[in-house]
$ cat input-v7.txt   # compact mmCIF, C-alpha atoms and all ligand atoms
# COMPACT_ATOMS: atom_id res chain seq x y z
CA MET A 1 0.00 0.00 0.00
CA SER A 2 1.47 3.38 -0.96
CA PRO A 3 1.96 5.83 1.92
CA ALA A 4 -0.52 8.20 0.25
CA TYR A 5 -3.16 5.45 0.01
CA ARG A 6 -2.47 4.35 3.60
CA GLY A 7 -2.91 7.97 4.68
CA PHE A 8 -6.21 8.13 2.82
CA VAL A 9 -7.48 4.91 4.46
CA GLY A 10 -6.35 6.07 7.91
CA HIS A 11 -8.09 9.38 7.41
CA SER A 12 -11.32 7.70 6.26
CA ILE A 13 -11.36 5.39 9.29
CA LEU A 14 -10.88 8.40 11.56
CA ILE A 15 -13.80 10.24 9.91
CA LEU A 16 -16.01 7.12 10.05
CA GLY A 17 -15.12 6.67 13.75
CA LEU A 18 -15.99 10.29 14.46
CA PHE A 19 -19.26 9.90 12.53
CA LEU A 20 -20.22 6.77 14.49
CA PHE A 21 -19.33 8.49 17.74
CA LEU A 22 -21.59 11.42 16.89
CA LEU A 23 -24.54 9.24 15.86
CA PRO A 24 -27.28 9.21 18.47
CA GLY A 25 -27.20 5.99 20.41
CA TYR A 26 -23.43 5.80 20.31
CA ALA A 27 -23.19 8.67 22.68
CA TYR A 28 -23.59 7.06 26.06
CA GLU A 29 -22.14 4.43 28.30
CA LYS A 30 -24.03 1.26 29.25
CA LEU A 31 -24.50 0.40 32.92
CA SER A 32 -22.22 -2.35 34.21
CA ASP A 33 -23.70 -5.68 35.29
CA GLU A 34 -22.93 -4.66 38.87
CA SER A 35 -24.91 -1.43 38.58
CA LEU A 36 -27.82 -3.21 36.88
CA LYS A 37 -27.86 -5.80 39.66
CA SER A 38 -27.94 -3.16 42.34
CA LEU A 39 -30.91 -1.18 40.99
CA PRO A 40 -33.63 -1.24 43.66
CA ARG A 41 -37.03 -2.86 43.02
CA ALA A 42 -40.07 -0.83 44.06
CA SER A 43 -41.43 -3.88 45.96
CA GLU A 44 -43.76 -2.76 48.76
CA ASP A 45 -43.95 0.81 47.36
CA PHE A 46 -45.97 -0.70 44.52
CA ASP A 47 -48.33 -2.54 46.85
CA ILE A 48 -51.80 -1.88 45.43
CA HIS A 49 -53.36 -1.26 48.88
CA THR A 50 -50.64 0.36 50.94
CA GLY A 51 -47.76 1.16 48.57
CA SER A 52 -46.48 4.73 48.93
CA LEU A 53 -46.10 5.27 45.18
CA LEU A 54 -48.84 3.35 43.41
CA SER A 55 -51.80 2.97 45.77
CA PRO A 56 -52.71 6.71 45.95
CA ILE A 57 -53.09 6.75 42.13
CA LEU A 58 -55.39 3.71 42.02
CA ARG A 59 -58.63 5.69 42.21
CA THR A 60 -60.86 7.57 39.79
CA ARG A 61 -59.20 10.84 38.75
CA VAL A 62 -61.40 12.52 36.19
CA PRO A 63 -60.33 16.15 35.51
CA GLY A 64 -62.14 18.61 37.75
CA THR A 65 -62.95 16.03 40.48
CA GLU A 66 -61.70 15.48 44.02
CA GLY A 67 -59.86 12.25 43.09
CA HIS A 68 -57.97 14.13 40.40
CA GLU A 69 -56.89 16.82 42.86
CA ALA A 70 -55.75 14.20 45.39
CA VAL A 71 -53.54 12.46 42.81
CA LEU A 72 -51.98 15.76 41.79
CA GLU A 73 -51.26 16.43 45.46
CA HIS A 74 -49.67 12.96 45.74
CA PHE A 75 -47.22 13.82 42.93
CA ALA A 76 -46.38 17.18 44.49
CA ASN A 77 -45.85 15.57 47.91
CA PHE A 78 -43.60 12.89 46.48
CA PHE A 79 -41.28 15.35 44.77
CA ARG A 80 -41.37 17.84 47.66
CA THR A 81 -40.42 15.24 50.25
CA THR A 82 -38.51 12.47 48.43
CA LEU A 83 -36.90 14.40 45.57
CA PRO A 84 -36.59 17.96 46.94
CA LYS A 85 -33.97 19.01 44.37
CA TRP A 86 -36.50 18.67 41.56
CA ASN A 87 -38.25 21.76 40.27
CA ILE A 88 -42.05 21.42 40.15
CA GLU A 89 -44.24 23.31 37.72
CA LEU A 90 -47.97 23.15 37.00
CA GLN A 91 -49.22 24.14 33.57
CA ASN A 92 -52.89 25.08 33.62
CA SER A 93 -55.45 25.34 30.88
CA THR A 94 -59.20 25.05 30.54
CA SER A 95 -61.48 23.73 27.84
CA THR A 96 -65.10 22.85 27.36
CA THR A 97 -65.75 19.18 26.64
CA PRO A 98 -68.64 17.51 24.79
CA VAL A 99 -70.25 16.69 28.15
CA SER A 100 -69.46 19.85 30.17
CA LYS A 101 -72.57 21.79 28.98
CA GLY A 102 -70.53 24.82 27.97
CA LYS A 103 -68.58 24.95 31.24
CA GLU A 104 -64.77 25.19 31.22
CA VAL A 105 -63.03 22.13 32.71
CA PRO A 106 -59.60 22.75 34.31
CA PHE A 107 -56.62 20.68 33.12
CA VAL A 108 -53.34 20.64 35.04
CA ASN A 109 -50.11 19.18 33.66
CA PHE A 110 -47.53 18.31 36.32
CA ILE A 111 -43.86 18.81 35.36
CA ALA A 112 -40.90 17.89 37.58
CA SER A 113 -37.43 18.60 36.24
CA ARG A 114 -33.84 18.39 37.36
CA ASP A 115 -30.99 20.29 35.69
CA PRO A 116 -27.29 20.36 36.61
CA PRO A 117 -26.55 23.00 39.28
CA GLY A 118 -26.30 26.53 37.93
CA ALA A 119 -27.26 25.66 34.37
CA PRO A 120 -29.46 28.30 32.69
CA ALA A 121 -32.78 26.64 31.77
CA GLY A 122 -32.36 27.48 28.08
CA ASP A 123 -29.03 25.68 27.88
CA VAL A 124 -30.26 22.29 29.08
CA GLY A 125 -31.45 19.48 26.80
CA ARG A 126 -33.77 17.13 28.68
CA LEU A 127 -34.71 13.48 28.54
CA THR A 128 -38.48 13.76 28.93
CA LEU A 129 -40.42 10.87 30.45
CA VAL A 130 -44.17 11.09 30.16
CA ALA A 131 -47.40 9.39 31.26
CA HIS A 132 -50.98 10.65 31.58
CA TYR A 133 -52.60 10.70 35.01
CA ASP A 134 -56.25 11.48 34.29
CA SER A 135 -58.75 8.63 34.22
CA LYS A 136 -61.63 8.13 31.81
CA LEU A 137 -65.09 9.40 32.76
CA THR A 138 -66.78 6.22 31.53
CA PRO A 139 -67.47 3.48 32.43
CA THR A 140 -68.36 4.94 35.84
CA GLY A 141 -65.79 3.87 38.43
CA PHE A 142 -63.06 3.30 35.83
CA ILE A 143 -59.67 3.24 37.58
CA GLY A 144 -57.22 2.94 34.69
CA ALA A 145 -54.55 0.91 36.48
CA ILE A 146 -52.54 0.29 33.32
CA ASP A 147 -54.06 3.47 31.82
CA SER A 148 -51.98 5.09 33.30
CA ALA A 149 -51.65 4.76 37.09
CA ALA A 150 -48.90 2.13 36.84
CA PRO A 151 -46.83 4.09 34.26
CA CYS A 152 -46.94 7.15 36.60
CA ALA A 153 -45.71 5.06 39.55
CA ILE A 154 -43.01 3.45 37.38
CA LEU A 155 -41.67 6.90 36.49
CA MET A 156 -41.71 8.02 40.14
CA HIS A 157 -39.72 4.94 41.14
CA ALA A 158 -37.21 5.36 38.29
CA MET A 159 -36.53 9.01 39.20
CA ARG A 160 -36.05 8.10 42.85
CA THR A 161 -33.58 5.42 41.72
CA ILE A 162 -31.35 7.79 39.77
CA ASP A 163 -31.62 10.92 41.92
CA LYS A 164 -28.56 10.33 44.16
CA ALA A 165 -26.45 9.20 41.22
CA LEU A 166 -27.28 12.52 39.51
CA ASP A 167 -26.04 14.34 42.65
CA GLU A 168 -22.81 12.33 42.58
CA LYS A 169 -22.23 12.84 38.89
CA TRP A 170 -22.91 16.56 38.87
CA ALA A 171 -20.84 17.18 42.03
CA THR A 172 -17.93 15.40 40.33
CA MET A 173 -18.36 16.96 36.90
CA TYR A 174 -19.24 20.47 37.92
CA PRO A 175 -17.51 21.24 41.25
CA HIS A 176 -17.71 24.95 40.38
CA GLY A 177 -21.09 24.84 38.58
CA VAL A 178 -21.81 24.38 34.90
CA ASP A 179 -20.24 26.40 32.12
CA ALA A 180 -22.87 25.87 29.45
CA SER A 181 -20.82 27.82 26.90
CA LEU A 182 -18.21 25.05 26.95
CA GLU A 183 -20.23 21.86 26.75
CA GLU A 184 -23.61 20.28 26.15
CA VAL A 185 -25.69 20.15 29.31
CA HIS A 186 -28.23 17.38 29.97
CA GLY A 187 -31.10 17.31 32.42
CA ILE A 188 -34.21 15.21 32.90
CA GLN A 189 -37.91 15.86 33.36
CA VAL A 190 -41.05 13.89 34.11
CA ILE A 191 -44.39 15.10 32.78
CA PHE A 192 -47.68 13.78 34.10
CA LEU A 193 -50.17 14.94 31.49
CA ASP A 194 -53.82 15.66 32.15
CA GLY A 195 -56.88 15.16 29.96
CA GLU A 196 -55.58 12.46 27.67
CA GLU A 197 -58.87 10.58 27.65
CA ALA A 198 -61.94 11.51 25.63
CA PHE A 199 -65.01 12.50 27.66
CA ASP A 200 -67.41 11.28 24.99
CA HIS A 201 -65.58 9.56 22.16
CA TRP A 202 -62.07 10.07 20.81
CA THR A 203 -61.80 12.92 18.30
CA ASP A 204 -59.10 15.51 17.59
CA THR A 205 -60.86 17.94 19.95
CA ASP A 206 -62.17 15.47 22.53
CA SER A 207 -58.80 13.99 23.66
CA LEU A 208 -55.25 15.06 24.54
CA TYR A 209 -56.42 18.27 26.30
CA GLY A 210 -53.29 18.61 28.44
CA ALA A 211 -50.81 17.52 25.76
CA ARG A 212 -52.25 19.93 23.17
CA SER A 213 -52.04 22.83 25.60
CA LEU A 214 -48.48 22.04 26.78
CA ALA A 215 -47.05 21.46 23.30
CA SER A 216 -48.57 24.72 22.07
CA ASN A 217 -47.35 26.65 25.14
CA TRP A 218 -43.85 25.24 25.04
CA SER A 219 -43.43 26.03 21.38
CA SER A 220 -44.27 29.70 21.85
CA GLU A 221 -42.35 30.37 25.07
CA PHE A 222 -38.82 31.60 24.28
CA TYR A 223 -35.58 31.24 26.19
CA PRO A 224 -33.29 34.29 26.30
CA ALA A 225 -31.35 35.13 23.13
CA MET A 226 -28.07 33.18 22.77
CA SER A 227 -29.44 30.20 24.73
CA ALA A 228 -28.59 26.76 23.37
CA TYR A 229 -32.31 26.07 22.83
CA ARG A 230 -34.99 28.42 21.50
CA THR A 231 -37.99 26.99 23.39
CA PRO A 232 -38.81 24.43 26.10
CA LEU A 233 -40.19 22.28 23.29
CA SER A 234 -36.93 22.24 21.36
CA SER A 235 -35.02 21.40 24.56
CA ILE A 236 -36.72 17.97 24.64
CA GLU A 237 -34.02 15.55 23.51
CA LEU A 238 -36.35 12.56 23.51
CA PHE A 239 -40.02 12.30 24.53
CA VAL A 240 -40.60 8.85 26.01
CA LEU A 241 -44.31 8.16 26.47
CA LEU A 242 -45.35 5.23 28.67
CA ASP A 243 -48.93 4.04 28.31
CA LEU A 244 -50.95 0.89 29.05
CA LEU A 245 -48.15 -0.82 30.99
CA GLY A 246 -48.76 -3.30 33.80
CA SER A 247 -50.26 -6.32 32.05
CA LYS A 248 -48.36 -9.58 31.73
CA ALA A 249 -46.15 -10.19 28.68
CA PRO A 250 -46.31 -6.73 27.08
CA HIS A 251 -45.75 -6.32 23.35
CA ILE A 252 -43.98 -3.04 22.63
CA GLN A 253 -43.40 -2.14 18.99
CA SER A 254 -41.00 0.36 17.50
CA TYR A 255 -42.94 3.12 15.70
CA TYR A 256 -40.39 5.66 14.52
CA GLN A 257 -37.23 5.12 12.48
CA THR A 258 -35.44 8.11 13.98
CA THR A 259 -35.76 6.80 17.54
CA HIS A 260 -35.34 3.11 16.79
CA TRP A 261 -31.91 3.28 18.39
CA ALA A 262 -33.53 4.44 21.68
CA TYR A 263 -36.10 1.62 21.38
CA GLN A 264 -33.19 -0.79 21.03
CA ASP A 265 -31.51 0.67 24.12
CA LEU A 266 -34.69 0.20 26.16
CA ALA A 267 -35.06 -3.34 24.79
CA ALA A 268 -31.43 -4.10 25.58
CA ALA A 269 -31.96 -2.96 29.17
CA GLU A 270 -34.83 -5.46 29.52
CA LYS A 271 -32.79 -8.23 27.92
CA ARG A 272 -29.74 -7.64 30.11
CA LEU A 273 -31.74 -7.36 33.33
CA ARG A 274 -33.53 -10.60 32.45
CA SER A 275 -30.34 -12.49 31.66
CA LEU A 276 -28.84 -11.24 34.93
CA GLY A 277 -31.81 -12.78 36.75
CA GLN A 278 -33.12 -9.43 37.95
CA LEU A 279 -36.64 -9.64 36.50
CA LYS A 280 -39.49 -11.40 38.27
CA SER A 281 -41.93 -11.64 35.38
CA THR A 282 -41.89 -14.63 33.13
CA SER A 283 -42.73 -14.20 29.51
CA LYS A 284 -42.01 -16.57 26.67
CA GLU A 285 -41.53 -13.79 24.17
CA SER A 286 -39.43 -10.66 24.32
CA TRP A 287 -41.28 -7.53 25.44
CA PHE A 288 -39.67 -5.79 22.46
CA PRO A 289 -40.29 -7.82 19.29
CA ASP A 290 -38.57 -5.23 17.05
CA LEU A 291 -35.26 -5.29 18.91
CA LYS A 292 -33.38 -6.93 16.07
CA LYS A 293 -35.02 -4.92 13.26
CA ASP A 294 -32.92 -2.52 11.27
CA SER A 295 -34.25 1.05 11.62
CA HIS A 296 -35.03 1.05 7.87
CA ASP A 297 -37.42 -1.83 8.46
CA VAL A 298 -39.42 0.12 11.03
CA ILE A 299 -42.52 0.91 9.00
CA PRO A 300 -43.76 4.46 9.60
CA LEU A 301 -47.45 3.54 9.94
CA GLY A 302 -48.25 6.77 11.75
CA GLY A 303 -48.31 5.06 15.13
CA ILE A 304 -51.10 4.99 17.69
CA SER A 305 -53.04 8.11 18.74
CA ASP A 306 -51.79 9.28 22.10
CA ASP A 307 -50.28 12.20 24.03
CA HIS A 308 -47.16 12.32 21.87
CA LEU A 309 -49.07 13.55 18.79
CA PRO A 310 -49.02 17.33 19.50
CA PHE A 311 -45.28 17.03 20.18
CA LEU A 312 -44.59 14.83 17.16
CA ALA A 313 -46.39 17.36 14.96
CA ARG A 314 -43.88 19.98 16.16
CA GLY A 315 -40.84 17.87 15.35
CA VAL A 316 -40.08 16.32 18.76
CA GLU A 317 -38.34 12.92 18.74
CA ILE A 318 -40.72 10.29 20.18
CA LEU A 319 -40.33 6.87 21.76
CA HIS A 320 -43.85 5.47 22.28
CA VAL A 321 -43.82 2.66 24.83
CA ILE A 322 -47.35 1.25 24.63
CA ASP A 323 -48.58 -2.33 24.93
CA PHE A 324 -50.17 -3.10 21.59
CA ALA A 325 -49.92 -6.22 19.45
CA PRO A 326 -51.05 -6.54 15.85
CA PHE A 327 -54.23 -8.71 15.61
CA LYS A 328 -54.55 -8.71 19.43
CA GLY A 329 -54.70 -4.98 20.04
CA PHE A 330 -54.37 -3.39 23.49
CA PRO A 331 -54.43 -5.49 26.68
CA PRO A 332 -57.92 -7.07 27.12
CA VAL A 333 -58.75 -4.89 30.16
CA TRP A 334 -58.30 -1.68 28.11
CA HIS A 335 -61.07 0.85 28.79
CA THR A 336 -63.09 -1.63 30.84
CA LEU A 337 -63.82 -1.78 34.58
CA ASP A 338 -61.36 -4.66 34.70
CA ASP A 339 -58.50 -2.21 34.28
CA ASP A 340 -58.16 -2.12 38.05
CA ALA A 341 -55.55 -2.82 40.72
CA GLU A 342 -56.35 -6.52 40.91
CA HIS A 343 -55.69 -7.03 37.19
CA LEU A 344 -52.19 -5.60 37.32
CA ASP A 345 -49.42 -8.16 36.95
CA MET A 346 -47.27 -6.91 39.81
CA ALA A 347 -44.12 -8.76 38.75
CA THR A 348 -44.36 -6.97 35.39
CA VAL A 349 -45.04 -3.56 36.97
CA GLU A 350 -42.00 -3.93 39.24
CA ASP A 351 -39.88 -5.10 36.33
CA TRP A 352 -40.90 -2.03 34.33
CA GLY A 353 -39.57 0.00 37.28
CA LEU A 354 -36.16 -1.59 36.80
CA VAL A 355 -36.14 -1.38 32.99
CA VAL A 356 -37.09 2.32 32.95
CA SER A 357 -34.57 3.08 35.74
CA ALA A 358 -31.80 1.41 33.73
CA PHE A 359 -32.76 3.26 30.55
CA ALA A 360 -32.82 6.65 32.30
CA ALA A 361 -29.55 5.91 34.11
CA GLU A 362 -27.83 5.02 30.84
CA TRP A 363 -29.22 8.08 29.10
CA MET A 364 -27.92 10.30 31.92
CA GLU A 365 -24.57 8.44 31.81
CA LEU A 366 -24.64 7.43 35.46
CA GLU A 367 -22.34 4.42 35.31
CA GLY A 368 -19.92 4.68 38.22
CA TYR A 369 -22.15 7.03 40.20
CA PHE A 370 -24.43 4.50 41.89
CA LYS A 371 -23.65 3.89 45.53
CA PHE A 372 -26.26 1.45 46.69
CA ASP A 373 -26.32 -0.07 50.14
CA GLU A 374 -25.47 -3.73 50.49
CA PRO A 375 -28.51 -5.80 49.43
CA THR A 376 -30.84 -6.43 52.33
CA GLN A 377 -31.59 -9.98 53.46
CA SER A 378 -35.08 -9.72 51.91
CA ARG A 379 -33.55 -8.68 48.57
CA ARG A 380 -31.13 -11.64 48.76
CA ASP A 381 -34.05 -13.99 49.55
CA GLU A 382 -35.99 -12.54 46.64
CA GLU A 383 -33.06 -13.13 44.27
CA LEU A 384 -32.66 -16.70 45.48
CA GLU A 385 -36.37 -17.27 44.87
CA MET A 386 -36.15 -15.85 41.34
CA GLU A 387 -33.09 -18.00 40.60
CA ALA A 388 -34.88 -21.12 41.89
CA SER A 389 -37.97 -20.40 39.79
CA ARG A 390 -35.75 -19.86 36.71
CA LEU A 391 -33.98 -23.17 37.28
CA ASN A 392 -37.34 -24.91 37.74
CA LYS A 393 -38.61 -23.46 34.44
CA LYS A 394 -35.45 -24.59 32.65
CA SER A 395 -35.81 -28.14 33.92
CA GLU A 396 -39.49 -28.17 32.85
CA LEU A 397 -38.50 -27.39 29.24
C1 LIG A 401 -54.46 5.09 25.20
C2 LIG A 401 -54.89 4.86 26.45
N1 LIG A 401 -55.35 5.86 24.61
C3 LIG A 401 -56.35 6.08 25.46
N2 LIG A 401 -56.07 5.47 26.61
C4 LIG A 401 -55.23 6.38 23.28
C5 LIG A 401 -56.12 5.76 22.28
C6 LIG A 401 -57.47 6.07 22.24
C7 LIG A 401 -55.59 4.90 21.36
C8 LIG A 401 -58.30 5.48 21.28
C9 LIG A 401 -56.42 4.31 20.41
C10 LIG A 401 -57.76 4.59 20.38
ZN ZN A 402 -57.33 5.20 28.07
$ encode --input "input-v7.txt" --output "structure tokens"
Amino acid sequence: MSPAYRGFVGHSILILGLFLFLLPGYAYEKLSDESLKSLPRASEDFDIHTGSLLSPILRTRVPGTEGHEAVLEHFANFFRTTLPKWNIELQNSTSTTPVSKGKEVPFVNFIASRDPPGAPAGDVGRLTLVAHYDSKLTPTGFIGAIDSAAPCAILMHAMRTIDKALDEKWATMYPHGVDASLEEVHGIQVIFLDGEEAFDHWTDTDSLYGARSLASNWSSEFYPAMSAYRTPLSSIELFVLLDLLGSKAPHIQSYYQTTHWAYQDLAAAEKRLRSLGQLKSTSKESWFPDLKKDSHDVIPLGGISDDHLPFLARGVEILHVIDFAPFKGFPPVWHTLDDDAEHLDMATVEDWGLVVSAFAAEWMELEGYFKFDEPTQSRRDEELEMEASRLNKKSEL
């Protein structure tokens, strides 16, 4: 090989390497097996009767009612007491509905965010994790355990899991505060959206009340000139919407080519946690059937109507994590009175807590910043039980 040709090849490899490094999905470090194994399970906090995270959401919470207000208060209390470094914001709007007889119904979106210390809000790109917290007006008494009480609790648990690691990381990285002019700055936010459900039947105007208001607001609110981002909407790095999670053996498809890499990261987290024996649920098939697909084979069918639509329409990158299988549809309890606490598959709900924690931790590049206590005896017993049940299953095959 002539020196000139060798130089050309070397140069090309360097450029290709740089290109791959800059591609989304190549940007962050995986959690080690040790970190994955030490992620806490929500366990009793997801108890459907007494659990501090989930049980207060397992009630009717139709916009404008007492149950709705109580659930909003539960979110505020959780962040105020357990995650006091998070900034809480409420975004209010009102709208008439087909059943409100001309009266305005209040909708309140709950937003909790955490940015590195001292970072100007307009300079922070945020991983944005979303679920809706309102429940459907009909059938009367509808609880919406998978729709979406469990997804809300899963997000609360995941944020509690990574909170201390964020402290550690930011104290190490930014001992004198952030200089946003020198580097990209990443934060995280959770949005509990209101008014997702239709009051009568699903139309463009009778659905997504909270999401439509927030997306519109955030696209017309401007950060100061010279900020890294123009609007709160453009500061969303990825909008991850959880919906209809908590049934056994979920089937999560990949809907968008441009975020297929993020889908694969979430799927990889589930696969690794399962092979490390950390998941309690048993399911013959992968939760993520499109894991091995190439992004070009993700067919842009337009996806499923949900809270992401007003954001998608404004160019936000979306990962829609919803349990839906072709030919089978949504879980059988969907929009029925059976979507209640008793029909949740608790092993699956807890496992989602781990999978979402791992995904968020990897996104925020928290490897090396987890300092968990030694596993408790009950955690060790639980792991032994899971190992025994896995061995049993293997010998049955
Ligand atoms: C999801 C959970 N959705 C409502 N609750 C959105 C939806 C409504 C999806 C109608 C398909 C049809
Ligand atoms: Zn619903």
$ residues_around --input "input-v7.txt" --residues "Ile154 (chain A)" --least-positions-apart "3" --cutoff "9 Å" --atoms "all atoms listed in the file" --output "list of chain:residue names"
A:Ala42, A:Phe46, A:Leu53, A:Leu54, A:Ala149, A:Ala150, A:Pro151, A:His157, A:Ala158, A:Met159, A:Val349, A:Glu350, A:Trp352, A:Gly353, A:Leu354, A:Val356, A:Ser357
$ write_last_selection --input "input-v7.txt" --atoms "C-alpha atoms" --output "PDB file, in the coordinates of the input"
ATOM      1  CA  ALA A  42     -40.070  -0.830  44.060  1.00  0.00           C
ATOM      2  CA  PHE A  46     -45.970  -0.700  44.520  1.00  0.00           C
ATOM      3  CA  LEU A  53     -46.100   5.270  45.180  1.00  0.00           C
ATOM      4  CA  LEU A  54     -48.840   3.350  43.410  1.00  0.00           C
ATOM      5  CA  ALA A 149     -51.650   4.760  37.090  1.00  0.00           C
ATOM      6  CA  ALA A 150     -48.900   2.130  36.840  1.00  0.00           C
ATOM      7  CA  PRO A 151     -46.830   4.090  34.260  1.00  0.00           C
ATOM      8  CA  HIS A 157     -39.720   4.940  41.140  1.00  0.00           C
ATOM      9  CA  ALA A 158     -37.210   5.360  38.290  1.00  0.00           C
ATOM     10  CA  MET A 159     -36.530   9.010  39.200  1.00  0.00           C
ATOM     11  CA  VAL A 349     -45.040  -3.560  36.970  1.00  0.00           C
ATOM     12  CA  GLU A 350     -42.000  -3.930  39.240  1.00  0.00           C
ATOM     13  CA  TRP A 352     -40.900  -2.030  34.330  1.00  0.00           C
ATOM     14  CA  GLY A 353     -39.570   0.000  37.280  1.00  0.00           C
ATOM     15  CA  LEU A 354     -36.160  -1.590  36.800  1.00  0.00           C
ATOM     16  CA  VAL A 356     -37.090   2.320  32.950  1.00  0.00           C
ATOM     17  CA  SER A 357     -34.570   3.080  35.740  1.00  0.00           C
TER      18      SER A 357
END
$ residues_around --input "input-v7.txt" --residues "Pro300 (chain A)" --least-positions-apart "3" --cutoff "10 Å" --atoms "all atoms listed in the file" --output "MDAnalysis selection string"
chainID A and resid 254:257 296:297 303
$ closest_residue --input "input-v7.txt" --among "A:Ile322, A:Ala268, A:Met156, A:Leu129" --to "ligand ZN 402 (chain A)" --atoms "all atoms listed in the file"
A:Ile322
$ residues_near_ligand --input "input-v7.txt" --ligand "ligand ZN 402 (chain A)" --cutoff "6 Å" --atoms "all atoms listed in the file" --output "list in words"
Asp147, Glu197 and His335 of chain A
$ axis_aligned_box --input "input-v7.txt" --around "ligand LIG 401 (chain A)" --padding-each-side "8 Å" --output "lines of an AutoDock Vina configuration file"
center_x = -56.4
center_y = 5.3
center_z = 23.5
size_x = 19.8
size_y = 18.1
size_z = 22.2
$ closest_atom_pairs --input "input-v7.txt" --of "chain A" --to "ligand LIG 401 (chain A)" --cutoff "9 Å" --atoms "all atoms listed in the file" --output "JSON lines"
{"residue": "A:His132", "atom": "CA", "partner": "A:LIG401", "partner_atom": "C2", "distance": 8.7}
{"residue": "A:Ser135", "atom": "CA", "partner": "A:LIG401", "partner_atom": "N2", "distance": 8.7}
{"residue": "A:Lys136", "atom": "CA", "partner": "A:LIG401", "partner_atom": "N2", "distance": 8.1}
{"residue": "A:Gly144", "atom": "CA", "partner": "A:LIG401", "partner_atom": "N2", "distance": 8.5}
{"residue": "A:Ile146", "atom": "CA", "partner": "A:LIG401", "partner_atom": "C2", "distance": 8.6}
{"residue": "A:Asp147", "atom": "CA", "partner": "A:LIG401", "partner_atom": "C2", "distance": 5.6}
{"residue": "A:Ser148", "atom": "CA", "partner": "A:LIG401", "partner_atom": "C2", "distance": 7.4}
{"residue": "A:Glu196", "atom": "CA", "partner": "A:LIG401", "partner_atom": "C3", "distance": 6.8}
{"residue": "A:Glu197", "atom": "CA", "partner": "A:LIG401", "partner_atom": "C3", "distance": 5.6}
{"residue": "A:Ala198", "atom": "CA", "partner": "A:LIG401", "partner_atom": "C3", "distance": 7.8}
{"residue": "A:His201", "atom": "CA", "partner": "A:LIG401", "partner_atom": "C8", "distance": 8.4}
{"residue": "A:Trp202", "atom": "CA", "partner": "A:LIG401", "partner_atom": "C8", "distance": 6.0}
{"residue": "A:Thr203", "atom": "CA", "partner": "A:LIG401", "partner_atom": "C8", "distance": 8.7}
{"residue": "A:Ser207", "atom": "CA", "partner": "A:LIG401", "partner_atom": "C6", "distance": 8.2}
{"residue": "A:Leu208", "atom": "CA", "partner": "A:LIG401", "partner_atom": "C4", "distance": 8.8}
{"residue": "A:Asp243", "atom": "CA", "partner": "A:LIG401", "partner_atom": "C2", "distance": 6.3}
{"residue": "A:Leu244", "atom": "CA", "partner": "A:LIG401", "partner_atom": "C2", "distance": 6.2}
{"residue": "A:Ile304", "atom": "CA", "partner": "A:LIG401", "partner_atom": "C7", "distance": 5.8}
{"residue": "A:Ser305", "atom": "CA", "partner": "A:LIG401", "partner_atom": "C7", "distance": 4.9}
{"residue": "A:Asp306", "atom": "CA", "partner": "A:LIG401", "partner_atom": "C4", "distance": 4.7}
{"residue": "A:Asp307", "atom": "CA", "partner": "A:LIG401", "partner_atom": "C4", "distance": 7.7}
{"residue": "A:Ile322", "atom": "CA", "partner": "A:LIG401", "partner_atom": "C1", "distance": 8.1}
{"residue": "A:Phe330", "atom": "CA", "partner": "A:LIG401", "partner_atom": "C9", "distance": 8.5}
{"residue": "A:Trp334", "atom": "CA", "partner": "A:LIG401", "partner_atom": "C2", "distance": 7.6}
{"residue": "A:His335", "atom": "CA", "partner": "A:LIG401", "partner_atom": "N2", "distance": 7.1}
$ write_last_selection --input "input-v7.txt" --atoms "C-alpha atoms" --output "CSV table (one decimal), keeping the file's coordinate frame"
chain,number,residue,atom,x,y,z
A,132,HIS,CA,-51.0,10.6,31.6
A,135,SER,CA,-58.8,8.6,34.2
A,136,LYS,CA,-61.6,8.1,31.8
A,144,GLY,CA,-57.2,2.9,34.7
A,146,ILE,CA,-52.5,0.3,33.3
A,147,ASP,CA,-54.1,3.5,31.8
A,148,SER,CA,-52.0,5.1,33.3
A,196,GLU,CA,-55.6,12.5,27.7
A,197,GLU,CA,-58.9,10.6,27.6
A,198,ALA,CA,-61.9,11.5,25.6
A,201,HIS,CA,-65.6,9.6,22.2
A,202,TRP,CA,-62.1,10.1,20.8
A,203,THR,CA,-61.8,12.9,18.3
A,207,SER,CA,-58.8,14.0,23.7
A,208,LEU,CA,-55.2,15.1,24.5
A,243,ASP,CA,-48.9,4.0,28.3
A,244,LEU,CA,-51.0,0.9,29.0
A,304,ILE,CA,-51.1,5.0,17.7
A,305,SER,CA,-53.0,8.1,18.7
A,306,ASP,CA,-51.8,9.3,22.1
A,307,ASP,CA,-50.3,12.2,24.0
A,322,ILE,CA,-47.4,1.2,24.6
A,330,PHE,CA,-54.4,-3.4,23.5
A,334,TRP,CA,-58.3,-1.7,28.1
A,335,HIS,CA,-61.1,0.8,28.8
$ atom_distance --input "input-v7.txt" --atom1 "CA of Gly118 (chain A)" --atom2 "CA of Gly187 (chain A)"
11.8 Å
$ residues_around --input "input-v7.txt" --residues "Thr348 (chain A)" --least-positions-apart "5" --cutoff "9 Å" --atoms "only C-alpha atoms" --output "PDB file with C-alpha atoms, keeping the file's coordinate frame"
ATOM      1  CA  LEU A 245     -48.150  -0.820  30.990  1.00  0.00           C
ATOM      2  CA  GLY A 246     -48.760  -3.300  33.800  1.00  0.00           C
ATOM      3  CA  SER A 247     -50.260  -6.320  32.050  1.00  0.00           C
ATOM      4  CA  LYS A 248     -48.360  -9.580  31.730  1.00  0.00           C
ATOM      5  CA  ALA A 249     -46.150 -10.190  28.680  1.00  0.00           C
ATOM      6  CA  PRO A 250     -46.310  -6.730  27.080  1.00  0.00           C
ATOM      7  CA  LEU A 279     -36.640  -9.640  36.500  1.00  0.00           C
ATOM      8  CA  LYS A 280     -39.490 -11.400  38.270  1.00  0.00           C
ATOM      9  CA  SER A 281     -41.930 -11.640  35.380  1.00  0.00           C
ATOM     10  CA  THR A 282     -41.890 -14.630  33.130  1.00  0.00           C
ATOM     11  CA  GLY A 353     -39.570   0.000  37.280  1.00  0.00           C
TER      12      GLY A 353
END
